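Quick look at run_34.txt (compact mmCIF, C-alpha atoms and all ligand atoms):
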# COMPACT_ATOMS: atom_id res chain seq x y z
CA MET A 447 18.50 -36.45 61.95
CA ASP A 448 18.44 -38.65 58.82
CA LEU A 449 15.62 -41.16 59.01
CA SER A 450 15.77 -44.66 57.60
CA ASP A 451 13.04 -45.69 55.13
CA ALA A 452 11.29 -47.65 57.86
CA GLN A 453 11.37 -44.69 60.27
CA GLU A 454 10.17 -42.30 57.59
CA SER A 455 7.25 -44.46 56.58
CA ARG A 456 6.28 -45.02 60.24
CA VAL A 457 6.33 -41.25 60.85
CA ASP A 458 4.34 -40.52 57.68
CA ALA A 459 1.76 -43.17 58.49
CA THR A 460 1.38 -41.77 62.03
CA VAL A 461 0.89 -38.22 60.73
CA GLN A 462 -1.72 -39.33 58.17
CA PHE A 463 -3.54 -41.47 60.73
CA ALA A 464 -3.60 -38.77 63.43
CA ARG A 465 -4.86 -36.12 61.01
CA ALA A 466 -7.59 -38.37 59.65
CA ARG A 467 -8.72 -40.26 62.75
CA LEU A 468 -7.58 -38.56 65.99
CA SER A 469 -7.84 -34.83 65.24
CA PRO A 470 -11.44 -34.63 64.01
CA GLY A 471 -13.66 -33.60 66.93
CA ALA A 472 -10.64 -32.90 69.19
CA ARG A 473 -11.56 -29.25 69.78
CA GLU A 474 -15.06 -30.21 70.93
CA ARG A 475 -13.69 -32.96 73.17
CA GLU A 476 -11.20 -30.50 74.59
CA ALA A 477 -13.84 -27.83 75.26
CA ALA A 478 -15.92 -30.48 77.04
CA GLY A 479 -12.89 -31.95 78.84
CA ALA A 480 -14.03 -35.34 77.59
CA PHE A 481 -12.03 -38.53 77.16
CA ASP A 482 -13.42 -40.58 74.25
CA ARG A 483 -12.89 -44.32 74.57
CA LYS A 484 -13.69 -44.87 70.88
CA VAL A 485 -10.85 -42.57 69.83
CA TRP A 486 -8.55 -44.30 72.34
CA ASP A 487 -9.51 -47.69 70.83
CA GLU A 488 -8.78 -46.45 67.35
CA ALA A 489 -5.38 -45.09 68.42
CA ALA A 490 -4.64 -48.38 70.15
CA GLN A 491 -5.60 -50.41 67.07
CA PHE A 492 -3.07 -48.35 65.14
CA GLY A 493 -0.46 -49.45 67.70
CA LEU A 494 -0.17 -46.32 69.80
CA ALA A 495 -0.78 -48.06 73.15
CA GLY A 496 2.20 -50.42 72.89
CA LEU A 497 5.02 -48.64 71.04
CA PRO A 498 7.95 -49.86 73.21
CA LEU A 499 6.40 -53.16 74.28
CA PRO A 500 7.84 -56.34 72.72
CA GLU A 501 6.26 -57.64 69.51
CA ALA A 502 5.79 -60.98 71.25
CA TRP A 503 3.11 -59.28 73.37
CA GLY A 504 1.56 -57.41 70.44
CA GLY A 505 3.57 -54.21 70.91
CA SER A 506 5.71 -52.53 68.24
CA GLY A 507 9.04 -53.30 69.92
CA LEU A 508 10.37 -49.80 69.26
CA ASP A 509 13.46 -48.50 71.04
CA ALA A 510 13.50 -45.05 72.65
CA VAL A 511 14.53 -43.17 69.46
CA ASP A 512 11.89 -44.84 67.28
CA THR A 513 9.28 -44.31 69.99
CA MET A 514 10.22 -40.61 70.16
CA LEU A 515 9.84 -40.29 66.39
CA VAL A 516 6.27 -41.61 66.53
CA VAL A 517 5.36 -39.43 69.52
CA GLU A 518 6.90 -36.38 67.82
CA ALA A 519 4.82 -37.18 64.73
CA LEU A 520 1.73 -37.09 66.95
CA GLY A 521 2.80 -33.66 68.23
CA LYS A 522 2.92 -32.46 64.62
CA SER A 523 -0.42 -33.86 63.62
CA CYS A 524 -2.74 -34.74 66.51
CA ASP A 525 -5.03 -31.99 67.82
CA ASP A 526 -5.86 -34.08 70.87
CA GLY A 527 -2.89 -33.51 73.20
CA GLY A 528 -4.75 -35.05 76.14
CA LEU A 529 -5.22 -38.32 74.29
CA VAL A 530 -1.51 -38.52 73.45
CA PHE A 531 -0.67 -37.74 77.08
CA SER A 532 -2.99 -40.53 78.29
CA LEU A 533 -1.45 -43.00 75.83
CA CYS A 534 2.05 -42.04 76.99
CA ALA A 535 1.16 -42.33 80.70
CA HIS A 536 -0.31 -45.76 79.97
CA MET A 537 2.82 -46.92 78.13
CA PHE A 538 5.78 -45.34 79.85
CA ALA A 539 4.80 -45.05 83.52
CA SER A 540 2.75 -48.23 83.78
CA ALA A 541 3.26 -50.77 80.97
CA VAL A 542 7.05 -50.36 80.76
CA PRO A 543 7.69 -51.20 84.46
CA LEU A 544 5.37 -54.18 84.17
CA TRP A 545 7.19 -55.40 81.05
CA ARG A 546 10.67 -54.70 82.43
CA SER A 547 10.21 -56.02 85.98
CA GLY A 548 6.97 -58.01 86.19
CA ALA A 549 6.90 -61.79 86.58
CA THR A 550 6.04 -64.00 83.59
CA ASP A 551 2.55 -64.78 84.82
CA LEU A 552 1.79 -61.02 85.11
CA HIS A 553 3.04 -60.62 81.53
CA GLU A 554 0.85 -63.47 80.37
CA ARG A 555 -2.19 -62.15 82.18
CA TYR A 556 -1.97 -58.50 81.16
CA LEU A 557 0.65 -57.43 78.62
CA ARG A 558 -1.12 -58.43 75.41
CA ASP A 559 -4.29 -56.55 76.39
CA ILE A 560 -2.26 -53.56 77.58
CA ALA A 561 -0.26 -53.37 74.33
CA ALA A 562 -3.54 -53.54 72.41
CA GLY A 563 -5.08 -50.82 74.61
CA ARG A 564 -7.94 -53.13 75.62
CA LEU A 565 -6.81 -52.56 79.20
CA ILE A 566 -5.97 -48.99 80.20
CA CYS A 567 -3.25 -48.45 82.82
CA ALA A 568 -2.61 -45.75 85.39
CA ASN A 569 0.39 -45.24 87.65
CA GLY A 570 -0.23 -44.18 91.25
CA THR A 571 2.80 -42.55 92.84
CA THR A 572 1.83 -39.05 93.99
CA GLU A 573 0.05 -38.56 97.30
CA PRO A 574 -1.49 -35.49 98.91
CA GLU A 575 1.59 -35.10 101.16
CA ALA A 576 4.17 -36.68 98.81
CA GLY A 577 4.56 -34.96 95.43
CA SER A 578 8.13 -34.06 94.49
CA ASP A 579 9.27 -35.87 97.64
CA ILE A 580 7.96 -39.28 96.55
CA HIS A 581 10.03 -41.09 99.14
CA ALA A 582 7.77 -39.50 101.77
CA MET A 583 4.87 -41.58 100.50
CA LYS A 584 2.61 -43.03 103.21
CA THR A 585 0.61 -45.62 101.29
CA SER A 586 1.45 -48.90 102.98
CA ALA A 587 1.51 -52.49 101.78
CA VAL A 588 1.56 -54.90 104.71
CA ARG A 589 2.32 -58.55 104.12
CA ASP A 590 -0.61 -60.70 105.23
CA GLY A 591 -0.36 -64.44 104.52
CA ASP A 592 -0.17 -65.00 100.77
CA GLY A 593 -0.89 -61.38 99.95
CA TYR A 594 -0.49 -57.73 100.85
CA VAL A 595 -3.00 -55.26 102.27
CA LEU A 596 -2.74 -51.76 100.76
CA ASP A 597 -3.90 -48.57 102.48
CA GLY A 598 -3.47 -45.00 101.31
CA THR A 599 -4.45 -42.27 98.85
CA LYS A 600 -2.93 -41.39 95.46
CA CYS A 601 -3.82 -38.10 93.75
CA PHE A 602 -3.53 -36.47 90.30
CA ILE A 603 -3.47 -39.92 88.69
CA THR A 604 -3.68 -39.76 84.90
CA ASN A 605 -6.22 -42.18 83.40
CA ALA A 606 -7.53 -43.17 86.85
CA PRO A 607 -11.22 -42.58 86.05
CA VAL A 608 -11.03 -44.90 83.01
CA ALA A 609 -8.21 -47.27 83.99
CA ASP A 610 -8.58 -51.03 84.34
CA ILE A 611 -5.24 -51.58 86.07
CA PHE A 612 -3.24 -49.46 88.52
CA LEU A 613 0.48 -49.70 89.13
CA VAL A 614 0.57 -48.53 92.74
CA TYR A 615 3.72 -47.71 94.70
CA ALA A 616 3.53 -48.44 98.43
CA VAL A 617 5.81 -48.74 101.45
CA THR A 618 6.59 -52.32 102.43
CA ASN A 619 9.41 -51.47 104.84
CA PRO A 620 9.21 -47.97 106.37
CA GLY A 621 12.66 -48.25 107.98
CA LYS A 622 14.40 -48.61 104.61
CA LYS A 623 13.17 -45.30 103.13
CA MET A 624 13.53 -45.44 99.30
CA PHE A 625 14.58 -49.09 99.48
CA GLY A 626 11.37 -49.88 101.35
CA ILE A 627 9.04 -48.99 98.46
CA SER A 628 7.47 -51.72 96.29
CA ALA A 629 5.17 -51.71 93.25
CA PHE A 630 1.87 -53.59 92.89
CA LEU A 631 -0.60 -54.16 90.10
CA VAL A 632 -4.12 -53.61 91.34
CA GLU A 633 -7.15 -54.44 89.22
CA ARG A 634 -9.94 -51.89 89.25
CA ALA A 635 -12.48 -54.37 90.60
CA THR A 636 -10.36 -55.21 93.67
CA PRO A 637 -12.42 -54.67 96.84
CA GLY A 638 -11.08 -51.67 98.78
CA LEU A 639 -10.03 -49.70 95.67
CA ARG A 640 -12.12 -46.64 94.88
CA VAL A 641 -11.54 -43.91 92.29
CA THR A 642 -12.91 -40.39 92.08
CA ALA A 643 -12.34 -37.97 89.20
CA GLU A 644 -10.26 -34.82 89.88
CA HIS A 645 -11.50 -31.37 88.87
CA ALA A 646 -11.05 -30.35 85.22
CA LYS A 647 -7.54 -29.32 84.11
CA SER A 648 -6.60 -26.15 82.21
CA GLY A 649 -4.52 -28.14 79.69
CA LEU A 650 -4.42 -31.73 78.38
CA ARG A 651 -8.14 -31.56 79.07
CA THR A 652 -9.17 -34.79 77.32
CA SER A 653 -6.86 -36.82 79.56
CA PRO A 654 -8.86 -37.83 82.63
CA TRP A 655 -7.24 -37.82 86.06
CA GLY A 656 -8.40 -38.85 89.49
CA THR A 657 -7.73 -39.87 93.08
CA ILE A 658 -7.29 -43.50 94.10
CA TYR A 659 -8.35 -44.55 97.58
CA LEU A 660 -7.01 -47.83 98.93
CA ASP A 661 -8.84 -49.03 102.01
CA ARG A 662 -7.70 -52.45 103.23
CA CYS A 663 -7.26 -53.37 99.59
CA ARG A 664 -5.95 -56.92 99.42
CA VAL A 665 -3.81 -58.12 96.51
CA PRO A 666 -2.09 -61.49 96.04
CA ALA A 667 1.70 -61.58 96.57
CA GLY A 668 2.00 -62.35 92.84
CA ALA A 669 0.66 -58.85 92.06
CA ARG A 670 3.95 -57.36 93.24
CA VAL A 671 6.00 -56.04 90.31
CA GLY A 672 9.68 -56.74 90.88
CA PRO A 673 11.25 -57.67 94.21
CA GLU A 674 10.17 -56.14 97.51
CA GLY A 675 11.97 -52.82 97.93
CA ALA A 676 12.61 -52.34 94.20
CA GLY A 677 9.79 -49.81 93.72
CA ALA A 678 11.97 -46.70 93.65
CA ALA A 679 14.29 -48.25 91.04
CA LEU A 680 11.32 -49.32 88.93
CA PHE A 681 9.86 -45.84 89.17
CA SER A 682 13.16 -44.22 88.15
CA GLU A 683 13.46 -46.48 85.11
CA SER A 684 9.90 -45.69 84.04
CA MET A 685 10.59 -41.97 84.47
CA VAL A 686 13.57 -42.24 82.11
CA TRP A 687 11.16 -43.58 79.46
CA GLU A 688 8.46 -41.04 80.27
CA ARG A 689 10.72 -37.98 80.62
CA GLY A 690 12.44 -39.06 77.44
CA CYS A 691 9.69 -40.19 75.09
CA LEU A 692 6.56 -38.32 76.19
CA PHE A 693 8.23 -34.97 75.69
CA ALA A 694 8.75 -35.74 72.01
CA TYR A 695 5.08 -34.74 71.75
CA TYR A 696 5.98 -31.17 72.69
CA VAL A 697 8.81 -31.08 70.14
CA GLY A 698 6.31 -32.00 67.42
CA ALA A 699 3.79 -29.47 68.74
CA MET A 700 6.42 -26.70 68.85
CA GLY A 701 7.31 -27.43 65.23
CA ARG A 702 3.70 -27.18 64.24
CA SER A 703 3.18 -23.96 66.16
CA LEU A 704 6.29 -22.47 64.53
CA GLU A 705 4.87 -23.21 61.06
CA GLN A 706 1.58 -21.51 62.02
CA CYS A 707 3.47 -18.47 63.30
CA VAL A 708 5.60 -18.18 60.15
CA ALA A 709 2.49 -18.37 57.96
CA HIS A 710 0.72 -15.76 60.09
CA ALA A 711 3.71 -13.39 60.11
CA ARG A 712 3.81 -13.64 56.30
CA SER A 713 0.10 -13.04 55.75
CA ARG A 714 -1.17 -10.71 58.48
CA THR A 715 -0.85 -7.05 57.54
CA GLN A 716 -0.84 -4.06 59.92
CA PHE A 717 0.34 -0.48 59.31
CA GLY A 718 0.57 -1.39 55.63
CA HIS A 719 3.19 -4.10 56.19
CA ARG A 720 3.22 -7.82 56.84
CA ILE A 721 3.79 -8.13 60.58
CA GLY A 722 6.84 -10.34 59.91
CA ALA A 723 8.54 -7.20 58.60
CA PHE A 724 8.60 -5.86 62.19
CA GLN A 725 11.73 -7.12 63.85
CA SER A 726 10.13 -7.60 67.24
CA VAL A 727 7.79 -10.07 65.51
CA SER A 728 10.42 -11.90 63.43
CA ASN A 729 12.84 -12.08 66.39
CA ARG A 730 10.15 -13.81 68.39
CA ILE A 731 9.85 -16.44 65.66
CA VAL A 732 13.62 -16.85 65.42
CA ASP A 733 13.71 -17.53 69.17
CA MET A 734 10.95 -20.13 68.73
CA LYS A 735 13.01 -21.79 66.00
CA MET A 736 16.14 -21.78 68.18
CA ARG A 737 14.30 -23.31 71.14
CA LEU A 738 12.85 -25.99 68.89
CA GLU A 739 16.18 -26.96 67.35
CA VAL A 740 17.85 -27.23 70.78
CA ALA A 741 14.88 -29.24 72.04
CA ARG A 742 15.21 -31.70 69.17
CA LEU A 743 18.96 -32.10 69.71
CA LEU A 744 18.55 -32.73 73.44
CA LEU A 745 15.64 -35.12 72.88
CA TYR A 746 17.38 -37.36 70.36
CA ARG A 747 20.69 -37.23 72.21
CA ALA A 748 18.88 -38.65 75.25
CA GLY A 749 17.17 -41.20 72.99
CA GLU A 750 20.45 -42.32 71.42
CA LEU A 751 22.08 -42.81 74.84
CA HIS A 752 19.07 -44.81 76.00
CA ARG A 753 19.10 -46.91 72.84
CA ALA A 754 22.83 -47.61 73.31
CA GLY A 755 22.13 -48.78 76.88
CA LYS A 756 24.28 -45.97 78.28
CA ARG A 757 23.56 -43.96 81.43
CA CYS A 758 21.17 -41.21 80.39
CA ASP A 759 19.57 -39.73 83.54
CA GLU A 760 21.27 -36.37 83.09
CA ALA A 761 20.58 -36.21 79.34
CA VAL A 762 16.93 -37.09 79.94
CA ALA A 763 16.59 -34.50 82.73
CA LEU A 764 18.15 -31.82 80.51
CA SER A 765 15.85 -32.78 77.64
CA LYS A 766 12.71 -32.79 79.84
CA LEU A 767 13.62 -29.50 81.48
CA TRP A 768 14.46 -27.70 78.25
CA ILE A 769 11.50 -29.02 76.26
CA SER A 770 8.88 -28.22 78.89
CA GLU A 771 10.23 -24.73 79.54
CA ALA A 772 10.70 -24.07 75.81
CA ALA A 773 7.17 -25.27 75.02
CA VAL A 774 5.68 -22.87 77.57
CA GLN A 775 7.71 -19.92 76.26
CA SER A 776 7.01 -20.76 72.62
CA GLY A 777 3.34 -21.30 73.46
CA LEU A 778 3.25 -17.80 74.97
CA ASP A 779 5.05 -16.38 71.92
CA ALA A 780 2.55 -17.99 69.55
CA VAL A 781 -0.39 -16.50 71.43
CA GLN A 782 1.25 -13.05 71.43
CA LEU A 783 2.01 -13.24 67.73
CA PHE A 784 -1.57 -14.07 66.82
CA GLY A 785 -2.98 -11.24 68.94
CA GLY A 786 -6.67 -11.62 69.81
CA SER A 787 -7.08 -14.76 67.72
CA GLY A 788 -4.28 -16.31 69.77
CA VAL A 789 -6.55 -16.61 72.78
CA ALA A 790 -9.69 -17.60 70.84
CA MET A 791 -9.89 -21.30 71.61
CA ASP A 792 -11.36 -22.24 68.22
CA THR A 793 -8.10 -21.31 66.45
CA GLY A 794 -6.13 -23.82 68.53
CA VAL A 795 -3.20 -21.37 68.76
CA ASP A 796 -3.22 -21.41 72.56
CA ALA A 797 -3.30 -25.24 72.76
CA LEU A 798 0.49 -25.51 72.96
CA LEU A 799 0.60 -23.14 75.93
CA ARG A 800 -2.25 -24.79 77.81
CA ASP A 801 -0.88 -28.28 77.23
CA ALA A 802 2.70 -27.24 78.02
CA VAL A 803 2.12 -25.65 81.43
CA PRO A 804 1.48 -29.02 83.13
CA ALA A 805 4.59 -30.43 81.40
CA ARG A 806 6.74 -28.37 83.78
CA ILE A 807 5.08 -30.25 86.66
CA PHE A 808 4.39 -33.90 85.75
CA SER A 809 7.17 -36.50 85.49
CA GLY A 810 9.08 -34.40 88.04
CA THR A 811 8.89 -30.60 88.15
CA SER A 812 11.42 -28.32 86.44
CA GLU A 813 12.90 -27.61 89.88
CA MET A 814 13.43 -31.34 90.48
CA GLN A 815 15.06 -31.76 87.04
CA ARG A 816 17.46 -28.95 87.99
CA ALA A 817 18.16 -30.77 91.26
CA ILE A 818 18.99 -33.98 89.32
CA ILE A 819 21.33 -32.08 86.99
CA ALA A 820 22.99 -30.27 89.92
CA ARG A 821 23.53 -33.64 91.62
CA MET A 822 25.09 -35.05 88.44
CA LEU A 823 27.40 -32.05 88.34
CA GLY A 824 28.51 -32.95 91.86
CA ILE A 825 27.19 -29.68 93.31
CA HIS A 826 25.34 -31.44 96.11
C1 LIG B 901 -1.16 -33.24 84.26
C2 LIG B 901 -0.59 -34.04 85.39
C3 LIG B 901 -0.65 -35.40 85.38
C4 LIG B 901 -0.15 -36.16 86.43
N1 LIG B 901 -0.24 -37.52 86.39
C5 LIG B 901 0.24 -38.26 87.43
C6 LIG B 901 0.14 -39.67 87.41
O1 LIG B 901 -0.34 -40.28 86.45
N2 LIG B 901 0.60 -40.36 88.49
C7 LIG B 901 1.15 -39.75 89.56
O2 LIG B 901 1.55 -40.44 90.50
N3 LIG B 901 1.25 -38.39 89.61
C8 LIG B 901 0.81 -37.64 88.58
N4 LIG B 901 0.91 -36.25 88.60
C9 LIG B 901 1.43 -35.61 89.80
C10 LIG B 901 2.83 -35.05 89.62
O3 LIG B 901 3.77 -36.09 89.57
C11 LIG B 901 3.07 -34.07 90.78
O4 LIG B 901 2.15 -32.99 90.62
C12 LIG B 901 4.50 -33.57 90.80
O5 LIG B 901 5.39 -34.58 91.14
C13 LIG B 901 4.67 -32.40 91.80
O6 LIG B 901 4.12 -32.74 93.04
P1 LIG B 901 3.11 -31.71 93.76
O7 LIG B 901 2.03 -31.39 92.81
O8 LIG B 901 2.73 -32.32 95.06
O9 LIG B 901 3.93 -30.40 94.00
P2 LIG B 901 5.00 -30.16 95.18
O10 LIG B 901 5.94 -31.27 95.26
O11 LIG B 901 4.25 -29.75 96.39
O12 LIG B 901 5.78 -28.91 94.62
C14 LIG B 901 5.29 -27.57 94.70
C15 LIG B 901 6.40 -26.65 94.21
O13 LIG B 901 7.53 -26.75 95.08
C16 LIG B 901 8.68 -27.09 94.33
N5 LIG B 901 9.57 -27.96 95.13
C17 LIG B 901 9.21 -29.02 95.89
N6 LIG B 901 10.30 -29.58 96.43
C18 LIG B 901 11.37 -28.86 95.98
C19 LIG B 901 12.77 -28.96 96.17
N7 LIG B 901 13.35 -29.91 96.90
N8 LIG B 901 13.56 -28.05 95.53
C20 LIG B 901 13.02 -27.09 94.77
N9 LIG B 901 11.69 -26.96 94.54
C21 LIG B 901 10.88 -27.84 95.14
C22 LIG B 901 8.16 -27.85 93.12
O14 LIG B 901 9.10 -27.88 92.06
C23 LIG B 901 6.90 -27.05 92.80
O15 LIG B 901 7.24 -25.88 92.08
C24 LIG B 901 0.44 -35.50 87.54
C25 LIG B 901 0.53 -34.09 87.55
C26 LIG B 901 0.03 -33.37 86.49
C27 LIG B 901 0.15 -31.87 86.52
Can you present the structure in this file as structure tokens?
Amino acid sequence: MDLSDAQESRVDATVQFARARLSPGAREREAAGAFDRKVWDEAAQFGLAGLPLPEAWGGSGLDAVDTMLVVEALGKSCDDGGLVFSLCAHMFASAVPLWRSGATDLHERYLRDIAAGRLICANGTTEPEAGSDIHAMKTSAVRDGDGYVLDGTKCFITNAPVADIFLVYAVTNPGKKMFGISAFLVERATPGLRVTAEHAKSGLRTSPWGTIYLDRCRVPAGARVGPEGAGAALFSESMVWERGCLFAYYVGAMGRSLEQCVAHARSRTQFGHRIGAFQSVSNRIVDMKMRLEVARLLLYRAGELHRAGKRCDEAVALSKLWISEAAVQSGLDAVQLFGGSGVAMDTGVDALLRDAVPARIFSGTSEMQRAIIARMLGIH
């Protein structure tokens, strides 16, 4: 894709910034599984907490393609995959629905601080008994005078241990199934809301996650985001942003891993030859290259459709599915190609694999992306 001068300078600036400010110390943070608020603040000051949010609220006002370019640049240059994941969850699954569907007074109260990263957001959809089947969610929001009372449990929630605001999906009308789900903004200090941290993850380790407990948690009616019953539509729109833009990170990371593999194949010698001279090694790299190129095409095709305001659910599902599966396979290939040093954590070679495995699960599993594509094909 040919970049405009503005796009190129934004990408270059992001790469320089991430290398200089976000990558130092990332390996130690990852080994410790530690989120660092100072690094978050620095990323946010650079603009990475509000890429698609309107400039009027302090965001960068980027469309999907320009957002993808910045996130891909982070994949190329930022050693802290968990931080990028947390920033993306904050923007795409939480801030975007608030911006797109929230009332003006919610915008005025929160959006500027969210775009600046002063407030961290989390989105609470998944429940212990409602993962892929989100419409089976049990968390309830019962109208009570001028507010709603929320009860339920949300698990695996990215950013929950450090979040200031939660976008929580709850059932307002059980009889209406998916049209009976609504979204609410809940401040962390709201009585009845409690958060516990989940166990450490194997990948994206610097991104904290947790469980949210809502126990007679009362919110004003004005905390509802969008009309009653619009929760599922809001969630779907946010998933188009997240499945589209977040996965640009893995495209950048695959490109970076490919470069490392090429350099290693050219320099490592065994049996008196550079290992790249062995076809089973070079073929592996060619397959990595092919996966990467297809990933980039699918990603930016989805981005272009989104930018043009065209229907893009299928393109986004194809892009998410391909990128997450390709990143896992290419992550495995990179480890294999580096041999023993591929699994030594200090080299960072296995980071792509560890960070990519959860990508086949969050934002809708690979199986659910296949189900979306099959539905679009009219199979069921
Ligand atoms: C790193 C990470 C971060 C996350 N962050 C958040 C967050 O911020 N907010 C949030 O709400 N959630 C979050 N999640 C949760 C995530 O959305 C769920 O894990 C995901 O939707 C799958 O749900 P589940 O874990 O309950 O698995 P299940 O739905 O129980 O699925 C188990 C397996 O069964 C398969 N399966 C289920 N139904 C079908 C079907 N109909 N057809 C074929 N296969 C099927 C699945 O594909 C999967 O392989 C996060 C998850 C991860 C890994």
### Task
Compile the contact shell of range 588-601 of chain A as a PyMOL selection string: residues with an atom at most 8 Å away, counting only C-alpha atoms, same-chain residues fewer than 5 positions apart removed.
chain A and resi 570-574+616+618+656-668
### Test item: residues lying within 8 Å of ligand LIG 901 (chain B) with all atoms listed in the file, as a PyMOL selection string
chain A and resi 535+539+568-580+600-606+647+649-650+655+804-814+817
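Our summary of the geometry notes that CA of Ile818 in chain A is positioned 7.0 Å from CA of Ala763 in chain A.
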### Message
Would you pick out the contacts of Met537 in chain A at 8 Å or less, using only C-alpha atoms, so that residues sharing its chain but fewer than 2 positions from it are not included, and give the list as a PyMOL selection string?
### Response
chain A and resi 495-498+533-535+539-542+567
Counting only C-alpha atoms, what are the residues of range 619-706 of chain A within 8 Å of range 508-521 of chain A, and for each of them which pair of atoms is the nearest and at what distance in Å, to one decimal? Sort the table by chain and rising number, as JSON lines.
{"residue": "A:Trp687", "atom": "CA", "partner": "A:Ala510", "partner_atom": "CA", "distance": 7.3}
{"residue": "A:Gly690", "atom": "CA", "partner": "A:Ala510", "partner_atom": "CA", "distance": 7.7}
{"residue": "A:Cys691", "atom": "CA", "partner": "A:Met514", "partner_atom": "CA", "distance": 5.0}
{"residue": "A:Leu692", "atom": "CA", "partner": "A:Val517", "partner_atom": "CA", "distance": 6.9}
{"residue": "A:Ala694", "atom": "CA", "partner": "A:Glu518", "partner_atom": "CA", "distance": 4.6}
{"residue": "A:Tyr695", "atom": "CA", "partner": "A:Gly521", "partner_atom": "CA", "distance": 4.3}
{"residue": "A:Tyr696", "atom": "CA", "partner": "A:Gly521", "partner_atom": "CA", "distance": 6.0}
{"residue": "A:Val697", "atom": "CA", "partner": "A:Glu518", "partner_atom": "CA", "distance": 6.1}
{"residue": "A:Gly698", "atom": "CA", "partner": "A:Gly521", "partner_atom": "CA", "distance": 4.0}
{"residue": "A:Ala699", "atom": "CA", "partner": "A:Gly521", "partner_atom": "CA", "distance": 4.3}
{"residue": "A:Met700", "atom": "CA", "partner": "A:Gly521", "partner_atom": "CA", "distance": 7.9}
{"residue": "A:Arg702", "atom": "CA", "partner": "A:Gly521", "partner_atom": "CA", "distance": 7.7}
### Query
Could you tell me, as a PyMOL selection string, which residues have any atom at most 12 Å from (2.1, -40.6, 59.4), counting all atoms listed in the file?
chain A and resi 452-468+492+515-524
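Nearest residue to Leu798 in chain A, choosing from A:Ala587, A:Ser547, A:Ala711, A:Asp525 and counting only C-alpha atoms: A:Asp525.
For the pair CA of Ala679 in chain A and CA of Met624 in chain A, the separation is 8.8 Å.
CA of Ala582 in chain A is positioned 21.2 Å from CA of Val632 in chain A.
Nearest to Arg720 in chain A of all the residues A:Val708, A:Val641, A:Leu743, A:Met736 is A:Val708, counting all atoms listed in the file.
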